[in-house]
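Structure first, commentary second.
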Amino acid sequence: VVKAWVASREDKLEIHYLPSYSPDLNPDEYFNRDLKSELSKRPSLRGKGKFKEQVKTQVRSLAKRPTRIQKYFNSSKISYAA
């Protein structure tokens with residue numbers, strides 16, 4: 001079904017196939033690495049709600065650093081057509 005849909009729109013779509021596993025091409029992986037790195041520096045996160053709260057705190061902190069987020073997309077391995 002998907003192949004038929006894509007074929008019917010070939011003139012409007014540009015398809016780029018990625019390897020089945022390509023973390024170096026996925027900006028989400030850079031975010032995950034940042035998050036895990038920061039959480040590993042925290043004291044014990046055991047206890048109800050502590051881990052979730054620390055994740056939220058770290059995500060909010062990263063959200064305040066747009067230049068850091070932009071770096072996830074500026075990796076030399078990631079390229080976007082303009």
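Residue numbering restarts at 1 for every chain of the structure tokens, chains are lettered A, B, ... in their displayed order, and ligands are numbered from 1 as they appear.
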
(message) I'd like the neighbourhood of range 51-61 of chain A as a ChimeraX atom specification, where a residue qualifies if any of its atoms comes within 12 Å (using only C-alpha atoms), though same-chain residues fewer than 3 positions away should be ignored.
(response) /A:31-32,34-48,64-66,68-69

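Within 10 Å of range 18-27 of chain A there are Ile15, His16, Glu29, Tyr30, Phe31, Asn32, Ile69, Gln70, Lys71, Tyr72, Phe73, Asn74, Ser75, Ser76, Lys77, Ile78 and Ser79 of chain A, counting only C-alpha atoms and ignoring same-chain residues fewer than 2 positions away.
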
Please produce an output containing all heavy atoms for each residue in the selection, written as a compact mmCIF listing (two decimals), in the first residue's frame.
# COMPACT_ATOMS: atom_id res chain seq x y z
N ILE A 15 12.64 10.39 -2.05
CA ILE A 15 12.80 9.36 -1.04
C ILE A 15 14.29 9.12 -0.77
O ILE A 15 15.08 9.00 -1.70
CB ILE A 15 12.16 8.03 -1.50
CG1 ILE A 15 10.69 8.23 -1.88
CG2 ILE A 15 12.32 6.95 -0.45
CD1 ILE A 15 9.81 8.65 -0.74
N HIS A 16 14.64 9.07 0.50
CA HIS A 16 16.01 8.77 0.93
C HIS A 16 15.94 7.57 1.87
O HIS A 16 15.30 7.64 2.91
CB HIS A 16 16.63 9.96 1.66
CG HIS A 16 16.76 11.18 0.81
ND1 HIS A 16 17.87 11.42 0.05
CD2 HIS A 16 15.90 12.20 0.58
CE1 HIS A 16 17.71 12.55 -0.60
NE2 HIS A 16 16.52 13.04 -0.30
N GLU A 29 19.03 10.58 18.96
CA GLU A 29 20.07 9.86 19.67
C GLU A 29 21.04 10.81 20.38
O GLU A 29 21.55 10.49 21.45
CB GLU A 29 20.84 8.94 18.73
CG GLU A 29 20.01 7.82 18.16
CD GLU A 29 19.53 6.83 19.20
OE1 GLU A 29 20.17 6.70 20.27
OE2 GLU A 29 18.51 6.17 18.95
N TYR A 30 21.27 11.97 19.79
CA TYR A 30 22.13 12.97 20.45
C TYR A 30 21.45 13.50 21.71
O TYR A 30 22.08 13.71 22.74
CB TYR A 30 22.47 14.11 19.50
CG TYR A 30 23.31 13.65 18.33
CD1 TYR A 30 22.77 13.56 17.06
CD2 TYR A 30 24.64 13.30 18.49
CE1 TYR A 30 23.54 13.13 15.98
CE2 TYR A 30 25.42 12.87 17.43
CZ TYR A 30 24.86 12.79 16.18
OH TYR A 30 25.61 12.36 15.13
N PHE A 31 20.14 13.72 21.60
CA PHE A 31 19.36 14.15 22.77
C PHE A 31 19.41 13.08 23.86
O PHE A 31 19.66 13.38 25.02
CB PHE A 31 17.91 14.44 22.37
CG PHE A 31 16.99 14.60 23.55
CD1 PHE A 31 16.99 15.78 24.27
CD2 PHE A 31 16.16 13.56 23.95
CE1 PHE A 31 16.16 15.93 25.38
CE2 PHE A 31 15.34 13.70 25.05
CZ PHE A 31 15.34 14.88 25.76
N ASN A 32 19.18 11.82 23.47
CA ASN A 32 19.20 10.73 24.44
C ASN A 32 20.56 10.64 25.14
O ASN A 32 20.63 10.42 26.35
CB ASN A 32 18.88 9.39 23.76
CG ASN A 32 17.44 9.29 23.35
OD1 ASN A 32 16.58 9.97 23.88
ND2 ASN A 32 17.18 8.45 22.38
N ILE A 69 20.46 22.25 21.25
CA ILE A 69 19.52 21.46 20.45
C ILE A 69 19.89 21.55 18.96
O ILE A 69 19.85 20.56 18.25
CB ILE A 69 18.06 21.94 20.67
CG1 ILE A 69 17.66 21.87 22.15
CG2 ILE A 69 17.09 21.15 19.81
CD1 ILE A 69 17.65 20.50 22.75
N GLN A 70 20.26 22.73 18.51
CA GLN A 70 20.65 22.90 17.11
C GLN A 70 21.85 22.02 16.76
O GLN A 70 21.94 21.50 15.65
CB GLN A 70 20.98 24.36 16.81
CG GLN A 70 19.76 25.25 16.77
CD GLN A 70 20.12 26.72 16.69
OE1 GLN A 70 21.25 27.11 16.97
NE2 GLN A 70 19.16 27.54 16.32
N LYS A 71 22.74 21.82 17.70
CA LYS A 71 23.91 20.99 17.45
C LYS A 71 23.54 19.55 17.13
O LYS A 71 24.27 18.86 16.44
CB LYS A 71 24.88 21.05 18.63
CG LYS A 71 25.60 22.36 18.73
CD LYS A 71 26.57 22.38 19.89
CE LYS A 71 27.27 23.72 19.95
NZ LYS A 71 28.24 23.78 21.04
N TYR A 72 22.41 19.09 17.64
CA TYR A 72 21.97 17.72 17.33
C TYR A 72 21.76 17.57 15.82
O TYR A 72 21.95 16.49 15.27
CB TYR A 72 20.65 17.38 18.01
CG TYR A 72 20.65 17.46 19.52
CD1 TYR A 72 19.47 17.62 20.20
CD2 TYR A 72 21.82 17.35 20.27
CE1 TYR A 72 19.43 17.67 21.59
CE2 TYR A 72 21.79 17.41 21.66
CZ TYR A 72 20.59 17.57 22.30
OH TYR A 72 20.57 17.63 23.67
N PHE A 73 21.36 18.66 15.17
CA PHE A 73 21.07 18.61 13.74
C PHE A 73 22.26 19.03 12.89
O PHE A 73 22.21 18.91 11.67
CB PHE A 73 19.87 19.51 13.43
CG PHE A 73 18.61 19.05 14.10
CD1 PHE A 73 18.29 19.48 15.38
CD2 PHE A 73 17.76 18.18 13.46
CE1 PHE A 73 17.14 19.04 16.01
CE2 PHE A 73 16.60 17.74 14.09
CZ PHE A 73 16.29 18.17 15.37
N ASN A 74 23.28 19.56 13.50
CA ASN A 74 24.43 20.05 12.76
C ASN A 74 25.60 19.08 12.72
O ASN A 74 26.71 19.46 12.37
CB ASN A 74 24.91 21.39 13.35
CG ASN A 74 23.91 22.49 13.14
OD1 ASN A 74 23.12 22.42 12.20
ND2 ASN A 74 23.92 23.48 13.98
N SER A 75 25.35 17.85 13.07
CA SER A 75 26.39 16.84 13.01
C SER A 75 26.88 16.72 11.57
O SER A 75 26.10 16.84 10.63
CB SER A 75 25.86 15.50 13.49
OG SER A 75 26.74 14.47 13.17
N SER A 76 28.15 16.47 11.40
CA SER A 76 28.69 16.32 10.05
C SER A 76 28.08 15.13 9.32
O SER A 76 28.10 15.07 8.10
CB SER A 76 30.21 16.18 10.11
OG SER A 76 30.56 15.01 10.82
N LYS A 77 27.52 14.20 10.08
CA LYS A 77 26.93 13.01 9.48
C LYS A 77 25.48 13.23 9.05
O LYS A 77 24.90 12.42 8.35
CB LYS A 77 27.00 11.83 10.44
CG LYS A 77 28.42 11.43 10.74
CD LYS A 77 28.46 10.28 11.71
CE LYS A 77 29.90 9.92 12.00
NZ LYS A 77 30.00 8.77 12.88
N ILE A 78 24.90 14.33 9.51
CA ILE A 78 23.51 14.63 9.18
C ILE A 78 23.49 15.78 8.19
O ILE A 78 24.08 16.82 8.42
CB ILE A 78 22.70 15.05 10.43
CG1 ILE A 78 22.71 13.92 11.45
CG2 ILE A 78 21.29 15.45 10.07
CD1 ILE A 78 22.08 14.28 12.77
N SER A 79 22.83 15.57 7.06
CA SER A 79 22.72 16.66 6.10
C SER A 79 21.28 16.73 5.61
O SER A 79 20.64 15.72 5.39
CB SER A 79 23.67 16.43 4.91
OG SER A 79 23.30 15.27 4.21

(request) Take CA of Asp28 in chain A and CA of Thr67 in chain A and report the distance between them in Å, one decimal. (result)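 That distance, rounded to one decimal, is 15.2 Å.
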
(request) Just the helix (DSSP H, G or I) stuff from chain A, please, per backbone DSSP, written as a PyMOL selection string. (result) chain A and resi 2-7+23-25+27-40+50-63+66-73
